[in-house]
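Some notes on the structure that comes next.
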Amino acid sequence: MPKVRRRYPAFSILAPAAGGLLLLTLAACGIPGSAPGPSSSPSHSATVTSKSLSSSKPPSSSASSGSGAPGRCLSANLTVGLLQTTGAAGSVVRTYAFTNEGASACTLFGYPGFALLGTGGKSLSTTVVRTPASMSTVTLVSGGHAWFTMEYPAQTGYGTLTCPTSTALEVTPPNAYHFLTVTGTAGTIQAYGGTTTHLQCGRLSVEPVTGTPPSP
C-alpha cells in the first residue's frame, strides 16, 4: 500500500469505503496558520481554462454554517479514490470519488483542481479544462460520497511523440484551501493533448462533482 506523504506548497491555491471504492493513500496538506482564499486551481504551475462556466459564491469556510446547515467540505475531512477507468477513441476516462471521513455532513459544489507530479514530486505540465456542465450542491453525510469524471487523450494519434507519466496526482476539492495527494494507480496518468506539431502534455478535462454515481 502506498505510503502517506504530506506536502506543504509554497503558496496555497490547488476506510475502507462502501460501494466498492478503490481508495488510494493520500494526505491533506496545507500551511498551518495561512488563510488564502478558496480555489479549485491546483498548486504548482498548472493552467486552468474554462468554457461558459456559471459563477458561484464559495460556500462558508466553516465546517457548518450558523443556520445549522452543512458547511463546505474541508480537505482534512476528505479522502479521494479511483472508482473506475474506461476509454475509447484515443481517450481515457476516469471516475474518482470523494468520501467524507468527518463526523458531520458537509457540501461540495463545482470543479476539483489537479496537478500532475513526476518522480521526486517534480511538477509536470498540467492544463485543466473545465467541461461545461450544470453544477449543483452535493451534500455528503459522514461516510458519504461525491463523484467526478476526468478525461484525457491517450497516445493514440501522436505517433512516436511521448508525454511523461505522473507518479502522483494532487487533487484539490472544489472551493477547498488544500489539496490531497494520491499515488499508485489513481495517480499514474500519461496525458497527451494538442497536436502532433504542437504537443501539449498533461491536458485534463474535468466535470463538476455530482451526487449521482456513475453507471457500472
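In the C-alpha cells, chains take the letters A, B, ... in the order shown, each chain's residues start at 1, and ligands count up from 1 in the order shown.
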Can you pull out every residue within 9 Å of A:Leu169, counting only C-alpha atoms, but drop anything in the same chain fewer than 4 positions away, and send it as a PDB file with N, CA and C atoms, in the first residue's frame?
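Saved to selection-v2.pdb:
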ATOM      1  N   PHE A 114      -6.419  19.995 -10.261  1.00  0.00           N
ATOM      2  CA  PHE A 114      -5.407  18.954 -10.347  1.00  0.00           C
ATOM      3  C   PHE A 114      -4.018  19.520 -10.585  1.00  0.00           C
ATOM      4  N   ALA A 115      -3.014  18.743 -10.227  1.00  0.00           N
ATOM      5  CA  ALA A 115      -1.631  18.979 -10.619  1.00  0.00           C
ATOM      6  C   ALA A 115      -0.948  17.620 -10.727  1.00  0.00           C
ATOM      7  N   LEU A 116      -0.282  17.376 -11.849  1.00  0.00           N
ATOM      8  CA  LEU A 116       0.444  16.127 -12.056  1.00  0.00           C
ATOM      9  C   LEU A 116       1.858  16.258 -11.493  1.00  0.00           C
ATOM     10  N   LEU A 117       2.323  15.204 -10.836  1.00  0.00           N
ATOM     11  CA  LEU A 117       3.670  15.196 -10.264  1.00  0.00           C
ATOM     12  C   LEU A 117       4.462  14.022 -10.820  1.00  0.00           C
ATOM     13  N   GLY A 118       5.764  14.259 -11.056  1.00  0.00           N
ATOM     14  CA  GLY A 118       6.642  13.204 -11.518  1.00  0.00           C
ATOM     15  C   GLY A 118       7.480  12.646 -10.386  1.00  0.00           C
ATOM     16  N   LEU A 180      -5.239  17.156  -1.837  1.00  0.00           N
ATOM     17  CA  LEU A 180      -4.994  15.779  -1.420  1.00  0.00           C
ATOM     18  C   LEU A 180      -4.039  15.177  -2.448  1.00  0.00           C
ATOM     19  N   THR A 181      -3.162  14.296  -2.028  1.00  0.00           N
ATOM     20  CA  THR A 181      -2.222  13.662  -2.949  1.00  0.00           C
ATOM     21  C   THR A 181      -2.514  12.181  -3.041  1.00  0.00           C
ATOM     22  N   VAL A 182      -2.750  11.691  -4.267  1.00  0.00           N
ATOM     23  CA  VAL A 182      -2.993  10.262  -4.464  1.00  0.00           C
ATOM     24  C   VAL A 182      -1.845   9.670  -5.269  1.00  0.00           C
ATOM     25  N   THR A 183      -1.462   8.446  -4.916  1.00  0.00           N
ATOM     26  CA  THR A 183      -0.396   7.750  -5.610  1.00  0.00           C
ATOM     27  C   THR A 183      -0.920   6.409  -6.103  1.00  0.00           C
ATOM     28  N   ALA A 186      -4.221   5.399  -9.042  1.00  0.00           N
ATOM     29  CA  ALA A 186      -5.026   6.618  -9.120  1.00  0.00           C
ATOM     30  C   ALA A 186      -4.198   7.840  -9.493  1.00  0.00           C
ATOM     31  N   GLY A 187      -2.894   7.792  -9.215  1.00  0.00           N
ATOM     32  CA  GLY A 187      -2.042   8.937  -9.519  1.00  0.00           C
ATOM     33  C   GLY A 187      -1.170   8.751 -10.735  1.00  0.00           C
ATOM     34  N   THR A 188      -1.293   7.610 -11.416  1.00  0.00           N
ATOM     35  CA  THR A 188      -0.476   7.322 -12.600  1.00  0.00           C
ATOM     36  C   THR A 188      -1.247   7.721 -13.858  1.00  0.00           C
ATOM     37  N   ILE A 189      -0.812   8.799 -14.494  1.00  0.00           N
ATOM     38  CA  ILE A 189      -1.524   9.349 -15.650  1.00  0.00           C
ATOM     39  C   ILE A 189      -0.521   9.766 -16.721  1.00  0.00           C
TER      40      ILE A 189
END
- For atom CA of A:Met150 and atom CA of A:Ala76, determine how far apart the two atoms are, in Å to one decimal place. 22.2 Å
- From the list A:Leu199, A:Ala154, A:Cys73, A:Ala105, which residue is nearest A:Tyr177 when using only C-alpha atoms?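 The answer is A:Cys73, which sits nearest to A:Tyr177.
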- Test item, strand (DSSP E) assignment across stretch 69-132 of chain A, answer as an MDAnalysis selection string: chainID A and resid 78:88 91:100 106:108 113:117 127:130
